[in-house]
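Next up, protein29.cif (mmCIF, C-alpha atoms and all ligand atoms):
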data_upload
#
loop_
_atom_site.label_atom_id
_atom_site.label_comp_id
_atom_site.auth_asym_id
_atom_site.auth_seq_id
_atom_site.Cartn_x
_atom_site.Cartn_y
_atom_site.Cartn_z
CA MET K 43 -17.08 -20.95 -1.98
CA GLY K 44 -19.67 -18.84 -0.14
CA GLU K 45 -19.97 -15.09 -0.09
CA LEU K 46 -17.97 -13.90 2.93
CA LEU K 47 -17.89 -10.13 2.59
CA LYS K 48 -20.56 -7.95 1.03
CA ILE K 49 -20.24 -4.22 0.48
CA ASN K 50 -23.59 -2.64 -0.43
CA ASN K 51 -23.75 0.95 -1.73
CA VAL K 52 -21.18 2.18 0.76
CA GLY K 53 -20.31 5.86 1.03
CA TYR K 54 -18.03 7.75 3.40
CA THR K 55 -17.26 11.46 3.86
CA TYR K 56 -14.57 12.89 6.15
CA HIS K 57 -15.54 15.98 8.10
CA SER K 58 -12.65 18.15 9.22
CA LEU K 59 -11.93 21.81 9.93
CA ASP K 60 -10.86 22.19 6.28
CA GLY K 61 -14.28 21.04 5.11
CA GLU K 62 -15.79 17.83 3.81
CA THR K 63 -14.06 15.25 1.64
CA THR K 64 -16.13 12.50 0.10
CA ALA K 65 -13.75 9.56 0.01
CA LEU K 66 -16.16 6.88 -1.24
CA LYS K 67 -19.51 7.04 -2.98
CA ASP K 68 -21.89 4.16 -3.69
CA ILE K 69 -19.35 1.32 -3.70
CA SER K 70 -20.65 -2.26 -4.05
CA PHE K 71 -18.78 -5.53 -4.44
CA HIS K 72 -18.41 -8.89 -2.73
CA VAL K 73 -15.58 -11.24 -1.79
CA ASN K 74 -16.04 -15.01 -1.57
CA ASP K 75 -14.52 -17.20 1.10
CA GLY K 76 -10.89 -17.95 0.17
CA GLU K 77 -10.79 -15.31 -2.56
CA PHE K 78 -7.88 -12.91 -2.93
CA LEU K 79 -8.93 -9.44 -4.07
CA ALA K 80 -6.51 -6.73 -5.20
CA ILE K 81 -7.68 -3.11 -5.15
CA VAL K 82 -6.00 -0.62 -7.44
CA GLY K 83 -6.70 3.05 -8.08
CA PRO K 84 -5.13 6.51 -8.03
CA SER K 85 -3.83 8.14 -4.86
CA GLY K 86 -6.65 9.63 -2.81
CA CYS K 87 -9.46 7.58 -4.40
CA GLY K 88 -10.42 6.03 -1.04
CA LYS K 89 -8.58 2.69 -0.92
CA SER K 90 -7.32 3.00 2.68
CA THR K 91 -10.70 4.39 3.73
CA LEU K 92 -12.36 1.27 2.30
CA LEU K 93 -10.11 -1.05 4.34
CA SER K 94 -10.71 0.99 7.52
CA LEU K 95 -14.45 0.59 6.94
CA ILE K 96 -14.14 -3.18 6.45
CA ALA K 97 -11.97 -3.41 9.59
CA GLY K 98 -14.67 -1.53 11.51
CA LEU K 99 -12.40 1.37 12.53
CA ILE K 100 -14.91 3.76 10.95
CA SER K 101 -18.56 3.24 10.00
CA PRO K 102 -20.10 3.96 6.61
CA ASP K 103 -22.36 7.02 6.23
CA THR K 104 -24.49 5.19 3.69
CA GLY K 105 -24.93 1.55 2.76
CA GLU K 106 -23.81 -1.50 4.74
CA ILE K 107 -20.94 -3.92 5.16
CA LEU K 108 -21.88 -7.54 5.85
CA ILE K 109 -19.68 -10.43 6.85
CA ASP K 110 -21.36 -13.82 6.52
CA GLY K 111 -24.59 -11.83 6.16
CA LYS K 112 -24.16 -10.13 9.54
CA ASN K 113 -22.58 -6.94 10.77
CA LEU K 114 -18.92 -7.12 11.75
CA LYS K 115 -19.38 -7.50 15.52
CA SER K 116 -22.05 -10.20 15.39
CA SER K 117 -20.27 -12.13 12.60
CA GLY K 118 -17.63 -13.30 15.11
CA LYS K 119 -15.00 -13.08 12.35
CA ASN K 120 -11.52 -11.88 13.09
CA ILE K 121 -10.18 -9.18 10.78
CA GLY K 122 -6.41 -8.63 10.48
CA TYR K 123 -5.49 -5.17 9.22
CA MET K 124 -1.96 -4.26 8.20
CA LEU K 125 -2.12 -0.49 7.90
CA GLN K 126 -0.27 1.60 5.32
CA LYS K 127 1.95 2.93 8.14
CA ASP K 128 3.43 0.27 10.42
CA HIS K 129 2.61 2.06 13.71
CA LEU K 130 5.28 0.13 15.64
CA LEU K 131 5.62 1.56 19.14
CA GLU K 132 9.11 2.85 19.83
CA TRP K 133 8.93 2.26 23.59
CA ARG K 134 8.37 -1.48 23.12
CA SER K 135 10.90 -3.98 21.77
CA THR K 136 10.19 -5.62 18.40
CA GLN K 137 8.92 -8.77 20.12
CA LYS K 138 6.74 -6.75 22.49
CA ASN K 139 5.27 -4.95 19.49
CA LEU K 140 4.35 -8.31 17.99
CA THR K 141 2.59 -9.49 21.14
CA LEU K 142 0.59 -6.29 21.63
CA GLY K 143 -2.52 -7.44 19.74
CA LEU K 144 -2.57 -10.79 21.56
CA GLU K 145 -2.09 -9.01 24.91
CA ILE K 146 -5.02 -6.70 24.21
CA GLN K 147 -7.20 -9.69 23.32
CA HIS K 148 -5.95 -11.63 26.40
CA LYS K 149 -4.73 -14.41 24.09
CA LEU K 150 -0.99 -14.33 24.84
CA THR K 151 0.13 -17.82 25.97
CA ASP K 152 3.35 -19.85 26.10
CA SER K 153 2.47 -21.39 22.76
CA SER K 154 2.20 -17.89 21.26
CA TYR K 155 5.91 -17.42 22.01
CA VAL K 156 6.77 -20.64 20.15
CA CYS K 157 4.85 -19.34 17.15
CA ILE K 158 6.41 -15.86 17.44
CA ASN K 159 9.93 -17.30 17.55
CA GLU K 160 9.25 -19.40 14.46
CA MET K 161 7.96 -16.39 12.57
CA LEU K 162 10.82 -14.16 13.75
CA SER K 163 13.25 -16.75 12.36
CA THR K 164 11.35 -17.20 9.10
CA TYR K 165 11.22 -13.46 8.53
CA GLY K 166 14.87 -12.81 9.45
CA LEU K 167 14.09 -10.83 12.60
CA ILE K 168 15.16 -13.23 15.34
CA THR K 169 18.35 -11.31 16.22
CA PHE K 170 16.34 -8.10 16.43
CA ARG K 171 13.63 -9.35 18.77
CA ASN K 172 14.88 -7.24 21.69
CA SER K 173 15.72 -4.20 19.55
CA LYS K 174 13.62 -1.08 19.37
CA PRO K 175 11.73 -0.52 16.08
CA SER K 176 14.00 2.46 15.22
CA SER K 177 16.93 0.07 14.76
CA LEU K 178 15.06 -1.94 12.12
CA SER K 179 15.24 -1.21 8.39
CA GLY K 180 12.07 -0.25 6.48
CA GLY K 181 11.66 -3.80 5.19
CA MET K 182 12.19 -5.30 8.64
CA ARG K 183 9.55 -2.98 10.08
CA GLN K 184 7.05 -4.08 7.44
CA ARG K 185 7.78 -7.73 8.13
CA ALA K 186 7.29 -7.09 11.86
CA ALA K 187 3.94 -5.42 11.12
CA LEU K 188 2.95 -8.39 8.97
CA ILE K 189 3.83 -10.90 11.71
CA ARG K 190 1.84 -8.85 14.23
CA THR K 191 -1.17 -9.06 11.89
CA LEU K 192 -0.82 -12.78 11.14
CA LEU K 193 -0.44 -13.73 14.83
CA LEU K 194 -4.07 -12.79 15.41
CA GLU K 195 -5.03 -15.56 12.96
CA PRO K 196 -7.44 -13.39 11.01
CA ASP K 197 -10.29 -14.86 8.97
CA ILE K 198 -9.95 -11.91 6.62
CA LEU K 199 -6.59 -10.32 5.95
CA LEU K 200 -6.50 -6.63 4.92
CA LEU K 201 -3.16 -5.40 3.57
CA ASP K 202 -2.63 -1.73 2.68
CA GLU K 203 0.35 -1.51 0.30
CA PRO K 204 2.39 -3.90 2.44
CA PHE K 205 5.44 -3.80 0.18
CA SER K 206 5.70 -0.11 -0.61
CA ALA K 207 8.82 0.52 1.52
CA LEU K 208 10.68 -2.59 0.40
CA ASP K 209 13.56 -2.78 -2.06
CA TYR K 210 13.00 -4.97 -5.12
CA GLN K 211 14.77 -8.07 -3.78
CA THR K 212 13.08 -8.00 -0.37
CA ARG K 213 9.74 -7.26 -2.01
CA ILE K 214 9.98 -10.46 -4.05
CA GLU K 215 10.95 -12.51 -0.97
CA VAL K 216 8.33 -11.05 1.36
CA SER K 217 5.56 -11.10 -1.24
CA ASP K 218 6.32 -14.76 -2.03
CA ASP K 219 5.97 -15.47 1.71
CA ILE K 220 2.65 -13.69 1.95
CA TRP K 221 1.17 -15.35 -1.14
CA GLY K 222 2.41 -18.67 0.23
CA ILE K 223 0.55 -18.06 3.51
CA ILE K 224 -2.59 -16.85 1.73
CA ARG K 225 -2.63 -19.90 -0.56
CA LYS K 226 -1.60 -22.45 2.08
CA GLU K 227 -4.18 -21.38 4.62
CA HIS K 228 -6.83 -20.47 2.02
CA LYS K 229 -7.10 -17.06 3.63
CA THR K 230 -9.51 -14.52 2.34
CA ALA K 231 -7.39 -11.47 1.63
CA ILE K 232 -7.77 -7.95 0.30
CA LEU K 233 -4.65 -6.17 -0.84
CA ILE K 234 -4.17 -2.57 -1.94
CA THR K 235 -1.37 -2.20 -4.42
CA HIS K 236 0.01 0.16 -7.04
CA ASP K 237 1.58 -2.76 -8.84
CA ILE K 238 -0.68 -5.61 -9.86
CA SER K 239 2.32 -7.68 -10.89
CA GLU K 240 3.40 -7.97 -7.23
CA ALA K 241 0.16 -9.83 -6.51
CA MET K 242 -1.56 -12.67 -8.28
CA PRO K 243 -5.11 -11.91 -7.21
CA THR K 244 -8.12 -14.03 -8.06
CA LYS K 245 -10.18 -10.85 -8.39
CA LEU K 246 -9.47 -7.17 -9.16
CA LEU K 247 -11.33 -4.01 -8.10
CA PHE K 248 -10.60 -0.69 -9.79
CA LEU K 249 -11.53 2.33 -7.69
CA PHE K 250 -11.85 5.75 -9.27
CA SER K 251 -11.74 9.17 -7.60
CA THR K 252 -15.13 10.50 -6.49
N1 LIG K 301 -8.53 11.62 8.33
C1 LIG K 301 -8.91 12.26 7.22
N2 LIG K 301 -9.49 13.49 7.29
C2 LIG K 301 -9.90 14.15 6.18
N3 LIG K 301 -9.77 13.66 4.94
C3 LIG K 301 -9.18 12.46 4.79
C4 LIG K 301 -8.72 11.70 5.92
N4 LIG K 301 -8.18 10.53 5.47
C5 LIG K 301 -8.30 10.56 4.13
N5 LIG K 301 -8.89 11.71 3.73
C6 LIG K 301 -9.22 12.08 2.33
O1 LIG K 301 -10.07 11.07 1.78
C7 LIG K 301 -9.69 10.76 0.46
C8 LIG K 301 -9.36 9.26 0.38
O2 LIG K 301 -8.21 8.99 1.19
P1 LIG K 301 -7.55 7.55 1.29
O3 LIG K 301 -6.47 7.64 2.29
O4 LIG K 301 -8.62 6.55 1.51
O5 LIG K 301 -6.97 7.39 -0.20
P2 LIG K 301 -6.04 6.25 -0.82
O6 LIG K 301 -6.73 5.77 -2.07
O7 LIG K 301 -5.71 5.24 0.20
O8 LIG K 301 -4.72 7.07 -1.24
P3 LIG K 301 -3.17 6.58 -1.30
O9 LIG K 301 -3.06 5.71 -2.54
O10 LIG K 301 -2.41 7.85 -1.48
O11 LIG K 301 -2.84 5.87 -0.03
C9 LIG K 301 -8.52 11.68 0.10
O12 LIG K 301 -9.04 12.77 -0.60
C10 LIG K 301 -7.99 12.11 1.45
O13 LIG K 301 -7.47 13.41 1.37
MG MG K 302 -3.93 4.71 1.18
#
In structure tokens, write the structure found in this file.
Ligand SMILES: Nc1ncnc2c1ncn2[C@@H]1O[C@H](COP(=O)(O)OP(=O)(O)OP(=O)(O)O)[C@@H](O)[C@H]1O
Ligand SMILES: [Mg+2]
Amino acid sequence: MGELLKINNVGYTYHSLDGETTALKDISFHVNDGEFLAIVGPSGCGKSTLLSLIAGLISPDTGEILIDGKNLKSSGKNIGYMLQKDHLLEWRSTQKNLTLGLEIQHKLTDSSYVCINEMLSTYGLITFRNSKPSSLSGGMRQRAALIRTLLLEPDILLLDEPFSALDYQTRIEVSDDIWGIIRKEHKTAILITHDISEAMPTKLLFLFST
């Protein structure tokens, strides 16, 4: 099990009209290939910021993030990021929301649709594939966002509180599915959660407010 992700002394400060907010200061840790890390910590301590840095949406002010010893772009690794908000686009049907990432990457093929149909059935969304996101329940929306992330076949899966809008029963079902996928495919995954019992991580990171 080699070291896949390395975070070295990373710091990040937001600059806005209201002033500066230091979200992360001098964070270091690593994740091995196939490991499943859960991140816990109080609201506002920088958990979502950390995932956005790993996904490459923002760049650290200090320190470095290495994947397979290289920076994100030259590592050639695919990162799947399920954001805290689902960001489903209301003007596209559920199915068209799922294919968006593949379309952008020019990877949408006939076989993608076979895979999408299978996942829509598995996740109880098949009858909603032509519906707009507004007609889905909160749990359905989260499952759609999860499918959209998984379709890109990420090497590293980043999940930001993926179950927060789910009722207890659905949470158990969906979380069982996700752990099944993570275990079956030996995916490297990082999950932010308020409830460690919903995950069975192989590693835990506690973040504290700066
Ligand atoms: N776009 C932004 N502009 C300015 N400040 C921001 C921005 N996003 C986050 N912050 C600030 O950075 C800090 C860390 O935010 P972040 O969203 O990473 O926290 P979090 O640990 O994910 O919180 P939560 O558990 O509530 O989701 C907070 O103080 C927040 O107010
Ligand atoms: Mg957050």
Show me, as a ChimeraX atom specification, the residues that have an atom within 12 Å of K:Val73 when counting only C-alpha atoms, minus same-chain residues fewer than 2 positions from it. /K:43-50,70-71,75-81,96,107-110,198-199,229-232,243-247
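With only C-alpha atoms as the atoms that count, the residue of K:Gln137, K:His129, K:Gly143, K:Ser176 with the shortest distance to K:Leu162 is K:Gln137.
We find atom C9 of ligand LIG 301 (chain K) and atom CA of K:Leu200 to be spaced 19.0 Å apart.
Coordinates place atom CA of K:Leu99 at a distance of 12.5 Å from atom CA of K:Tyr54.
Based on only C-alpha atoms and all ligand atoms, the protein and nucleic acid residues found within 8 Å of ligand MG 302 (chain K) are, by chain and then by number, Ser85, Gly86, Gly88, Lys89, Ser90, Thr91, Gln126, Asp202, Glu203 and Ile234 of chain K.
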